[in-house]
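Reproduced below: run26.csv, with CSV, C-alpha atoms and all ligand atoms.
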```csv
chain,number,residue,atom,x,y,z
B,1,MET,CA,110.9,84.2,52.3
B,2,THR,CA,109.1,87.4,51.4
B,3,LYS,CA,106.3,87.3,49.0
B,4,LYS,CA,108.4,89.3,46.6
B,5,THR,CA,111.3,86.9,46.6
B,6,ALA,CA,109.0,84.0,46.0
B,7,LEU,CA,107.5,85.8,43.0
B,8,THR,CA,111.0,86.5,41.6
B,9,LEU,CA,111.9,82.9,42.0
B,10,ILE,CA,108.7,81.7,40.2
B,11,ILE,CA,109.3,84.2,37.4
B,12,SER,CA,112.9,83.2,37.1
B,13,LEU,CA,111.8,79.5,37.0
B,14,ILE,CA,109.3,80.2,34.2
B,15,ILE,CA,111.9,82.2,32.2
B,16,ALA,CA,114.4,79.3,32.7
B,17,LEU,CA,111.8,76.7,31.6
B,18,ALA,CA,110.9,78.8,28.6
B,19,LEU,CA,114.6,79.1,27.7
B,20,ILE,CA,115.3,75.4,27.7
B,21,PRO,CA,113.9,74.6,24.2
B,22,GLY,CA,115.6,77.8,23.0
B,23,VAL,CA,118.9,76.5,24.4
B,24,PHE,CA,118.3,73.1,22.7
B,25,MET,CA,117.4,74.8,19.5
B,26,LEU,CA,120.5,76.8,19.7
B,27,ALA,CA,122.5,73.7,20.3
B,28,LYS,CA,120.8,72.1,17.3
B,29,VAL,CA,121.6,75.1,15.0
B,30,LEU,CA,125.2,74.9,16.2
B,31,ARG,CA,125.3,71.2,15.3
B,32,LYS,CA,124.0,71.7,11.8
B,33,VAL,CA,126.4,70.8,9.0
B,34,GLU,CA,126.8,72.2,5.5
B,35,ALA,CA,125.4,69.7,2.9
B,36,TYR,CA,124.0,69.3,-0.6
B,37,ASP,CA,120.7,68.0,-1.6
B,38,PHE,CA,120.8,66.0,-4.9
B,39,ILE,CA,117.6,66.8,-6.8
B,40,VAL,CA,116.3,65.0,-9.9
B,41,ASN,CA,113.4,66.6,-11.6
B,42,ASN,CA,112.5,68.5,-8.5
B,43,GLU,CA,112.5,65.3,-6.3
B,44,LEU,CA,115.0,65.0,-3.5
B,45,TRP,CA,117.1,61.9,-4.0
B,46,PHE,CA,119.6,62.2,-1.2
B,47,THR,CA,121.6,64.6,1.0
B,48,ILE,CA,125.3,64.4,1.2
B,49,ALA,CA,127.9,66.3,3.3
B,50,ALA,CA,129.4,69.3,1.6
B,51,GLU,CA,132.9,67.7,1.6
B,52,GLU,CA,131.5,64.6,-0.3
B,53,LYS,CA,130.2,66.7,-3.2
B,54,THR,CA,133.3,66.2,-5.4
B,55,THR,CA,133.3,62.5,-4.9
B,56,CYS,CA,129.6,62.4,-5.7
B,57,GLU,CA,130.2,64.4,-8.9
B,58,GLN,CA,133.0,61.9,-9.9
B,59,MET,CA,130.5,59.1,-9.3
B,60,LEU,CA,128.0,60.8,-11.6
B,61,ALA,CA,130.7,61.3,-14.3
B,62,GLU,CA,131.7,57.6,-14.0
B,63,TYR,CA,128.1,56.6,-14.3
B,64,GLN,CA,127.9,58.6,-17.6
B,65,GLN,CA,131.2,57.2,-18.8
B,66,GLN,CA,129.8,53.6,-18.8
B,67,TYR,CA,127.6,54.6,-21.7
B,68,LEU,CA,130.6,55.8,-23.7
B,69,ALA,CA,132.5,52.4,-23.4
B,70,ASP,CA,131.4,51.3,-26.9
B,71,VAL,CA,132.1,54.6,-28.7
B,72,ASP,CA,134.8,54.8,-31.3
B,73,GLN,CA,138.0,56.3,-29.8
B,74,ASP,CA,138.3,58.6,-32.7
B,75,ALA,CA,134.8,60.0,-32.4
B,76,GLN,CA,134.4,63.6,-31.1
B,77,ILE,CA,132.3,63.6,-28.0
B,78,LYS,CA,130.4,66.9,-28.0
B,79,ASN,CA,128.1,66.7,-25.0
B,80,VAL,CA,127.3,64.3,-22.2
B,81,TYR,CA,124.3,65.0,-20.0
B,82,PHE,CA,121.4,63.6,-18.1
B,83,LEU,CA,118.0,63.6,-19.7
B,84,GLN,CA,116.5,64.5,-16.3
B,85,LYS,CA,117.0,67.9,-14.7
B,86,VAL,CA,119.8,67.1,-12.2
B,87,GLU,CA,121.1,69.6,-9.6
B,88,PHE,CA,123.0,70.0,-6.3
B,89,ARG,CA,121.3,72.4,-3.9
B,90,GLU,CA,123.2,73.9,-1.0
B,91,THR,CA,121.6,73.2,2.4
B,92,GLU,CA,122.2,72.7,6.1
B,93,VAL,CA,121.1,69.6,8.0
B,94,GLN,CA,121.6,67.6,11.2
B,95,PRO,CA,124.4,65.1,10.8
B,96,GLU,CA,121.9,62.3,11.2
B,97,GLU,CA,120.1,63.5,8.1
B,98,LEU,CA,123.0,63.0,5.9
B,99,ASP,CA,122.9,60.0,3.5
B,100,PRO,CA,126.0,57.9,3.0
B,101,LEU,CA,127.7,57.9,-0.4
B,102,THR,CA,126.8,54.2,-0.8
B,103,TYR,CA,123.2,55.2,-0.7
B,104,ALA,CA,123.9,58.0,-3.3
B,105,GLN,CA,125.5,55.4,-5.5
B,106,GLU,CA,122.6,53.1,-5.2
B,107,ARG,CA,120.2,55.8,-6.3
B,108,ILE,CA,122.4,56.9,-9.2
B,109,TYR,CA,122.8,53.4,-10.6
B,110,ALA,CA,119.2,52.4,-10.0
B,111,ILE,CA,117.5,50.8,-13.0
B,112,ASN,CA,113.8,50.3,-14.0
B,113,GLU,CA,114.4,47.3,-16.1
B,114,GLU,CA,117.4,45.1,-17.0
B,115,THR,CA,118.6,44.5,-20.6
B,116,GLN,CA,116.6,41.8,-22.3
B,117,ARG,CA,118.5,39.3,-24.4
B,118,ILE,CA,117.6,36.2,-26.5
B,119,GLU,CA,119.8,33.4,-27.7
B,120,VAL,CA,119.8,32.7,-31.4
B,121,GLN,CA,118.3,29.2,-32.1
B,122,ASP,CA,119.1,27.0,-35.0
B,123,GLY,CA,116.9,28.0,-37.9
B,124,ASP,CA,116.1,31.4,-36.4
B,125,ASN,CA,115.3,34.1,-38.8
B,126,LEU,CA,116.1,37.7,-37.9
B,127,TRP,CA,113.1,38.9,-39.9
B,128,ASP,CA,110.7,36.8,-37.8
B,129,LEU,CA,112.6,37.6,-34.6
B,130,THR,CA,112.0,41.3,-35.1
B,131,LYS,CA,108.3,40.7,-35.6
B,132,THR,CA,108.0,38.3,-32.6
B,133,HIS,CA,109.7,40.9,-30.3
B,134,HIS,CA,107.8,43.9,-31.8
B,135,LEU,CA,111.0,45.5,-33.0
B,136,GLU,CA,111.2,48.0,-35.8
B,137,LEU,CA,113.3,47.0,-38.8
B,138,GLY,CA,116.9,48.0,-38.2
B,139,GLU,CA,116.3,48.4,-34.4
B,140,LEU,CA,117.9,45.0,-33.8
B,141,GLU,CA,121.0,46.4,-35.6
B,142,ILE,CA,121.0,49.4,-33.4
B,143,LEU,CA,120.7,47.3,-30.2
B,144,ASN,CA,123.5,45.0,-31.5
B,145,PRO,CA,126.1,47.2,-33.1
B,146,ASP,CA,128.4,44.2,-33.7
B,147,LEU,CA,125.7,42.3,-35.5
B,148,ASP,CA,126.9,41.0,-38.9
B,149,PRO,CA,123.7,39.6,-40.6
B,150,ASP,CA,125.7,37.0,-42.5
B,151,LYS,CA,127.8,35.8,-39.6
B,152,ILE,CA,125.7,35.1,-36.6
B,153,TYR,CA,125.1,31.6,-35.5
B,154,PRO,CA,122.9,29.6,-33.0
B,155,GLY,CA,124.0,30.4,-29.5
B,156,ASP,CA,124.8,34.0,-30.2
B,157,SER,CA,123.2,36.4,-27.7
B,158,LEU,CA,121.2,39.4,-29.0
B,159,VAL,CA,119.8,42.4,-27.1
B,160,ILE,CA,116.1,42.8,-27.8
B,161,LYS,CA,115.4,45.5,-25.2
B,162,PRO,CA,118.0,47.9,-23.9
B,163,VAL,CA,118.6,48.6,-20.2
B,164,ASP,CA,116.2,51.2,-18.8
B,165,PRO,CA,118.0,53.1,-16.1
B,166,VAL,CA,116.3,55.6,-13.8
B,167,LEU,CA,118.8,58.3,-14.7
B,168,ASP,CA,119.1,58.5,-18.5
B,169,VAL,CA,122.3,59.5,-20.2
B,170,ILE,CA,122.5,61.4,-23.5
B,171,VAL,CA,125.7,61.5,-25.5
B,172,GLU,CA,126.1,63.8,-28.5
B,173,LEU,CA,128.9,62.9,-30.8
B,174,GLU,CA,130.3,63.4,-34.2
B,175,ASN,CA,132.2,60.7,-36.1
B,176,THR,CA,133.9,60.7,-39.5
B,177,VAL,CA,134.1,57.3,-41.3
B,178,ALA,CA,135.3,56.3,-44.7
B,179,GLU,CA,132.7,54.5,-46.8
B,180,SER,CA,132.7,52.9,-50.2
B,181,ILE,CA,131.0,54.2,-53.2
B,182,GLY,CA,129.8,51.5,-55.5
B,183,PHE,CA,130.7,51.6,-59.2
B,184,ARG,CA,128.5,51.1,-62.1
B,185,VAL,CA,128.8,48.4,-64.7
B,186,GLU,CA,128.8,49.5,-68.3
B,187,TYR,CA,127.6,46.7,-70.6
B,188,ARG,CA,128.9,46.4,-74.1
B,189,LYS,CA,126.6,44.3,-76.3
B,190,ASP,CA,128.4,41.7,-78.4
B,191,ASN,CA,126.4,39.7,-80.9
B,192,THR,CA,129.3,37.3,-81.5
B,193,MET,CA,128.9,36.0,-77.9
B,194,TYR,CA,126.0,34.0,-76.4
B,195,THR,CA,123.9,35.4,-73.6
B,196,SER,CA,125.6,33.0,-71.2
B,197,GLN,CA,128.9,34.6,-72.0
B,198,ARG,CA,130.3,37.7,-70.6
B,199,LYS,CA,133.8,39.1,-70.5
B,200,ILE,CA,135.2,41.7,-68.1
B,201,ILE,CA,137.0,44.3,-70.1
B,202,LYS,CA,137.8,46.5,-67.2
B,203,GLU,CA,137.4,45.8,-63.5
B,204,GLY,CA,135.5,48.4,-61.6
B,205,ILE,CA,137.1,50.1,-58.6
B,206,GLU,CA,135.0,51.3,-55.7
B,207,GLY,CA,135.3,54.9,-54.8
B,208,GLU,CA,135.6,56.3,-51.3
B,209,LYS,CA,133.9,59.1,-49.4
B,210,GLU,CA,134.3,60.6,-45.9
B,211,VAL,CA,131.0,60.7,-44.1
B,212,VAL,CA,130.5,62.9,-41.1
B,213,TYR,CA,127.7,61.6,-38.8
B,214,ASP,CA,125.9,63.5,-36.2
B,215,ILE,CA,124.9,61.0,-33.6
B,216,THR,CA,122.8,61.1,-30.4
B,217,MET,CA,122.9,58.2,-28.0
B,218,LEU,CA,120.5,57.4,-25.2
B,219,ASN,CA,121.9,55.1,-22.5
B,220,GLY,CA,124.6,53.7,-24.9
B,221,TYR,CA,122.4,53.1,-27.9
B,222,GLN,CA,121.9,55.1,-31.1
B,223,HIS,CA,119.0,57.4,-30.7
B,224,SER,CA,119.4,59.5,-33.8
B,225,LEU,CA,121.9,59.4,-36.6
B,226,ASN,CA,122.2,62.0,-39.4
B,227,VAL,CA,124.7,62.5,-42.2
B,228,LYS,CA,126.1,66.0,-41.6
B,229,SER,CA,128.3,66.0,-44.7
B,230,GLU,CA,129.8,63.8,-47.3
B,231,THR,CA,133.1,64.3,-49.2
B,232,VAL,CA,134.2,62.2,-52.1
B,233,THR,CA,137.8,61.3,-51.6
B,234,ARG,CA,138.1,58.9,-54.5
B,235,GLN,CA,135.7,58.7,-57.5
B,236,PRO,CA,134.7,55.1,-58.4
B,237,VAL,CA,135.8,53.7,-61.7
B,238,ASN,CA,133.1,52.0,-63.7
B,239,ALA,CA,133.5,48.4,-64.8
B,240,GLN,CA,133.2,47.5,-68.4
B,241,VAL,CA,131.7,44.1,-69.2
B,242,ARG,CA,131.0,42.7,-72.7
B,243,ILE,CA,127.9,40.6,-72.8
B,244,GLY,CA,126.7,38.3,-75.5
B,245,THR,CA,123.3,39.0,-77.2
B,246,LYS,CA,122.8,35.8,-79.1
B,247,THR,CA,119.5,34.4,-77.8
B,248,THR,CA,118.4,36.6,-75.0
B,249,VAL,CA,117.0,35.6,-71.6
B,250,SER,CA,114.4,38.2,-70.8
B,251,ARG,CA,114.2,39.0,-67.1
B,252,GLY,CA,112.4,42.3,-67.3
B,253,GLY,CA,111.8,44.3,-64.1
B,254,SER,CA,113.0,47.5,-62.5
B,255,ALA,CA,116.7,47.1,-62.0
B,256,ASN,CA,118.3,44.0,-63.6
B,257,TYR,CA,121.2,42.9,-61.5
B,258,GLY,CA,121.7,39.8,-63.7
B,259,VAL,CA,120.9,37.4,-60.9
B,260,VAL,CA,117.7,39.1,-59.6
B,261,ASN,CA,115.3,41.9,-60.3
B,262,GLY,CA,116.2,44.1,-57.4
B,263,LYS,CA,115.2,47.4,-56.0
B,264,ARG,CA,118.6,48.7,-55.0
B,265,ILE,CA,121.9,47.6,-53.6
B,266,SER,CA,121.4,47.7,-49.9
B,267,SER,CA,125.0,46.9,-48.9
B,268,LEU,CA,128.2,46.9,-50.8
B,269,PHE,CA,131.0,44.4,-50.8
B,270,GLY,CA,134.0,45.0,-48.5
B,271,ASN,CA,134.7,46.8,-45.3
B,272,ARG,CA,132.0,48.4,-43.3
B,273,ILE,CA,132.7,50.8,-40.5
B,274,HIS,CA,130.2,51.2,-37.7
B,275,PRO,CA,129.6,54.9,-37.3
B,276,ILE,CA,129.4,54.6,-33.5
B,277,THR,CA,131.7,51.9,-32.5
B,278,GLY,CA,134.1,52.5,-35.4
B,279,ARG,CA,134.6,48.7,-35.6
B,280,LYS,CA,135.2,47.2,-39.0
B,281,THR,CA,133.3,44.3,-40.4
B,282,TYR,CA,133.9,42.6,-43.7
B,283,HIS,CA,131.0,42.0,-46.1
B,284,GLU,CA,131.9,39.1,-48.3
B,285,GLY,CA,129.0,39.7,-50.8
B,286,LEU,CA,126.7,42.3,-52.3
B,287,ASP,CA,123.2,42.7,-50.8
B,288,ILE,CA,120.5,43.5,-53.3
B,289,ALA,CA,117.1,44.5,-51.8
B,290,ALA,CA,114.3,42.8,-53.7
B,291,ASN,CA,110.7,41.8,-53.3
B,292,HIS,CA,110.0,38.6,-51.4
B,293,GLY,CA,109.5,35.7,-53.9
B,294,ASN,CA,111.3,37.3,-56.8
B,295,SER,CA,113.2,34.7,-58.9
B,296,VAL,CA,117.0,34.4,-58.4
B,297,TYR,CA,118.9,33.2,-61.4
B,298,VAL,CA,122.3,31.5,-61.6
B,299,TYR,CA,125.1,33.9,-62.6
B,300,THR,CA,126.4,31.5,-65.3
B,301,SER,CA,126.5,27.8,-66.0
B,302,GLY,CA,127.9,25.5,-63.5
B,303,THR,CA,127.2,22.7,-61.0
B,304,VAL,CA,125.3,23.2,-57.7
B,305,VAL,CA,127.6,22.2,-54.8
B,306,GLN,CA,125.5,23.3,-51.9
B,307,ALA,CA,121.7,23.8,-51.6
B,308,GLY,CA,119.9,24.1,-48.3
B,309,TRP,CA,120.2,25.7,-44.8
B,310,ASN,CA,123.7,27.1,-44.2
B,311,GLY,CA,124.0,28.9,-40.9
B,312,GLY,CA,123.7,32.7,-41.1
B,313,TYR,CA,123.1,32.5,-44.8
B,314,GLY,CA,119.8,30.7,-44.2
B,315,LEU,CA,118.6,28.9,-47.3
B,316,SER,CA,121.4,29.2,-49.7
B,317,VAL,CA,122.9,27.8,-52.9
B,318,LEU,CA,126.5,27.6,-53.9
B,319,VAL,CA,127.3,27.0,-57.6
B,320,ASP,CA,130.7,26.0,-58.9
B,321,HIS,CA,131.3,27.4,-62.4
B,322,GLY,CA,134.7,25.8,-62.9
B,323,GLY,CA,138.0,27.6,-63.3
B,324,GLY,CA,138.1,28.5,-59.6
B,325,LEU,CA,134.9,30.6,-59.8
B,326,LYS,CA,131.9,30.0,-57.4
B,327,THR,CA,128.8,32.0,-56.7
B,328,ARG,CA,126.6,32.0,-53.6
B,329,TYR,CA,122.9,33.0,-53.3
B,330,ALA,CA,121.8,33.5,-49.7
B,331,HIS,CA,118.7,34.3,-47.6
B,332,LEU,CA,116.4,32.6,-50.1
B,333,SER,CA,112.8,31.7,-49.3
B,334,LYS,CA,112.8,28.8,-51.7
B,335,ILE,CA,115.4,26.6,-53.4
B,336,SER,CA,114.7,25.2,-56.9
B,337,VAL,CA,117.9,23.2,-57.4
B,338,LYS,CA,119.7,20.2,-55.9
B,339,VAL,CA,123.3,19.4,-55.1
B,340,GLY,CA,125.0,17.9,-58.2
B,341,GLN,CA,122.5,19.5,-60.6
B,342,LYS,CA,124.0,21.2,-63.7
B,343,VAL,CA,122.6,24.7,-64.2
B,344,LYS,CA,122.8,27.1,-67.1
B,345,THR,CA,122.7,30.9,-67.3
B,346,GLY,CA,119.1,32.0,-66.8
B,347,ASN,CA,118.1,28.9,-64.7
B,348,LYS,CA,116.3,29.7,-61.5
B,349,VAL,CA,118.1,28.7,-58.3
B,350,GLY,CA,115.5,29.9,-55.9
B,351,ALA,CA,113.4,32.9,-54.7
B,352,ILE,CA,114.1,36.0,-52.7
B,353,GLY,CA,113.5,35.7,-48.9
B,354,SER,CA,115.0,36.6,-45.6
B,355,THR,CA,116.0,33.3,-44.1
B,356,GLY,CA,119.0,33.1,-41.9
B,357,ASN,CA,120.3,36.3,-40.5
B,358,SER,CA,118.6,38.9,-42.6
B,359,THR,CA,116.6,41.9,-41.5
B,360,GLY,CA,114.6,42.1,-44.7
B,361,PRO,CA,114.0,40.4,-48.1
B,362,HIS,CA,117.3,40.6,-50.1
B,363,LEU,CA,119.7,38.6,-52.0
B,364,HIS,CA,123.2,38.2,-50.6
B,365,PHE,CA,125.2,37.5,-53.7
B,366,GLU,CA,128.8,36.3,-53.3
B,367,VAL,CA,131.4,35.7,-55.9
B,368,ILE,CA,134.3,33.5,-54.8
B,369,ARG,CA,137.4,33.4,-56.9
B,370,ASN,CA,140.1,30.8,-56.0
B,371,GLY,CA,138.6,30.6,-52.5
B,372,GLN,CA,138.6,34.3,-52.0
B,373,PRO,CA,135.5,36.5,-52.0
B,374,VAL,CA,135.8,39.2,-54.7
B,375,ASN,CA,133.7,42.2,-55.5
B,376,PRO,CA,130.4,41.0,-57.1
B,377,LEU,CA,129.9,44.3,-58.8
B,378,ASN,CA,132.5,43.2,-61.3
B,379,TYR,CA,130.4,40.2,-62.2
B,380,ILE,CA,126.8,41.4,-62.5
A,401,ZN,ZN,125.1,40.2,-47.3
```

Output the structure of this file as structure tokens.
Ligand SMILES: [Zn+2]
Amino acid sequence: MTKKTALTLIISLIIALALIPGVFMLAKVLRKVEAYDFIVNNELWFTIAAEEKTTCEQMLAEYQQQYLADVDQDAQIKNVYFLQKVEFRETEVQPEELDPLTYAQERIYAINEETQRIEVQDGDNLWDLTKTHHLELGELEILNPDLDPDKIYPGDSLVIKPVDPVLDVIVELENTVAESIGFRVEYRKDNTMYTSQRKIIKEGIEGEKEVVYDITMLNGYQHSLNVKSETVTRQPVNAQVRIGTKTTVSRGGSANYGVVNGKRISSLFGNRIHPITGRKTYHEGLDIAANHGNSVYVYTSGTVVQAGWNGGYGLSVLVDHGGGLKTRYAHLSKISVKVGQKVKTGNKVGAIGSTGNSTGPHLHFEVIRNGQPVNPLNYI
């Protein structure tokens, strides 16, 4: 072998050695597959094969849909999106760098904290429960859209903290619901009748309005709720009641609802439609918001037939006035009468409170005629 041949051989060998990584690299490049990175707030969550992108998008849509499960069928869904910045970015990776869809699903469905629930105990008071669990007033109602303050009982489960998923879903919707408009009661004084007497000349009829709500939900719960518009579809018809003026019982105060000095009517009698779920609940009484401790007076003379704790009504009193008429006073803080006791108009039955399932001090006043609850607005 000549010196020259040997040199050529060595050079060829060096070139060949130098080429090996290049060949491997070329092989690697050729093995690379098209893929998508799933990026959340600029953080790479997973990488999937290009052909799995559609399935992954469906998975994301399904994930979002679970937060729409409780929304009224008639509501208009305007927008569904993630709170985080979510994107698919085209890439090329080695097959072994691809993540399986099961892993993608795990990441999408990951949660920071599970839903926290409590079980209603006998004698529990929603007012105290909200304080114990550091909830804002009304928040409990948002977390439990099916909550009917007058009808929840020990053993019922209440959400006190919503699920906290890693990927947050925002739903924007609009819903139109029919709501009642309370009527006013016009009193006609009659000096031929005693103060304990009253006569309904004309029954009031509640009006109706269509309320359009603009709602934003975060992970299935109401985040914001605004009234977009209101259209009166039926004007209320005021009730006319004749009241006696012979010997007056002075109750003074801001707004005299006959049975209590209240601030305002916080909830009307009749159907209530939840603006998000669209579900109907029936309110058998009239809620009058009033200061804690305010006196509650019996509607008219009668006999006390129930006085004490009564499920969701908390401390409550039921009075039988005869002739098929009964009145109930619920969520009291104190009771001043006993079962069997005869009461007269102007007698105190108790004091305003928020016992039972109540989210704030108010009187739940119920009028029962022949076993059926009727609109108390016709009676006060
Ligand atoms: Zn009520």

(message) Which residues are near Val305 in chain B? Cut-off 8 Å, only C-alpha atoms, ignore same chain within fewer than 3 positions. Put them as a list in words.
(response) Val317, Leu318, Val319, Asp320, Val339 and Gly340 of chain B

(request) Pick out the residues no farther than 8 Å from ligand ZN 401 (chain A), counting all atoms listed in the file, and list them as a PyMOL selection string. (result) chain B and resi 149-150+267+283-287+330+363-365

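Residue nearest Ser295 in chain B, chosen from B:Leu332, B:Ile170, B:Ile273, B:Leu83 and counting only C-alpha atoms: B:Leu332.
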
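CA of Phe46 in chain B is found 6.4 Å from CA of Ala104 in chain B.
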
What are the closest atom pairs, with distances in Å to one decimal, for all residues of range 92-180 of chain B lying within 7 Å of range 186-209 of chain B? Consider only C-alpha atoms, order rows by chain and residue number, and present the result as JSON lines.
```
{"residue": "B:Ala178", "atom": "CA", "partner": "B:Lys209", "partner_atom": "CA", "distance": 5.6}
{"residue": "B:Glu179", "atom": "CA", "partner": "B:Lys209", "partner_atom": "CA", "distance": 5.4}
{"residue": "B:Ser180", "atom": "CA", "partner": "B:Glu208", "partner_atom": "CA", "distance": 4.6}
```

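The residue that comes closest to Gly323 in chain B, out of B:Asn370, B:Ser224, B:Thr130, B:Gln306 and on the basis of only C-alpha atoms, is B:Asn370.
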
(message) If we count only C-alpha atoms and set the cut-off at 7 Å, which residues sit around Ala351 in chain B, ignoring sequence neighbours fewer than 4 positions away in its own chain? Please answer as an MDAnalysis selection string.
(response) chainID B and resid 293:296 332:335

(request) May I ask for the distance between CA of Lys263 in chain B and CA of Asn291 in chain B, given in Å to one decimal place? (result)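 It comes out at 7.7 Å.
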
Residues of range 166-259 of chain B that approach range 107-120 of chain B to 10 Å or less, counting only C-alpha atoms: could you list each one with the shortest pair of atoms and its distance in Å to one decimal, rows by chain and increasing residue number, as JSON lines?
```
{"residue": "B:Val166", "atom": "CA", "partner": "B:Ile111", "partner_atom": "CA", "distance": 5.0}
{"residue": "B:Leu167", "atom": "CA", "partner": "B:Ile108", "partner_atom": "CA", "distance": 6.7}
{"residue": "B:Asp168", "atom": "CA", "partner": "B:Ile111", "partner_atom": "CA", "distance": 9.6}
```
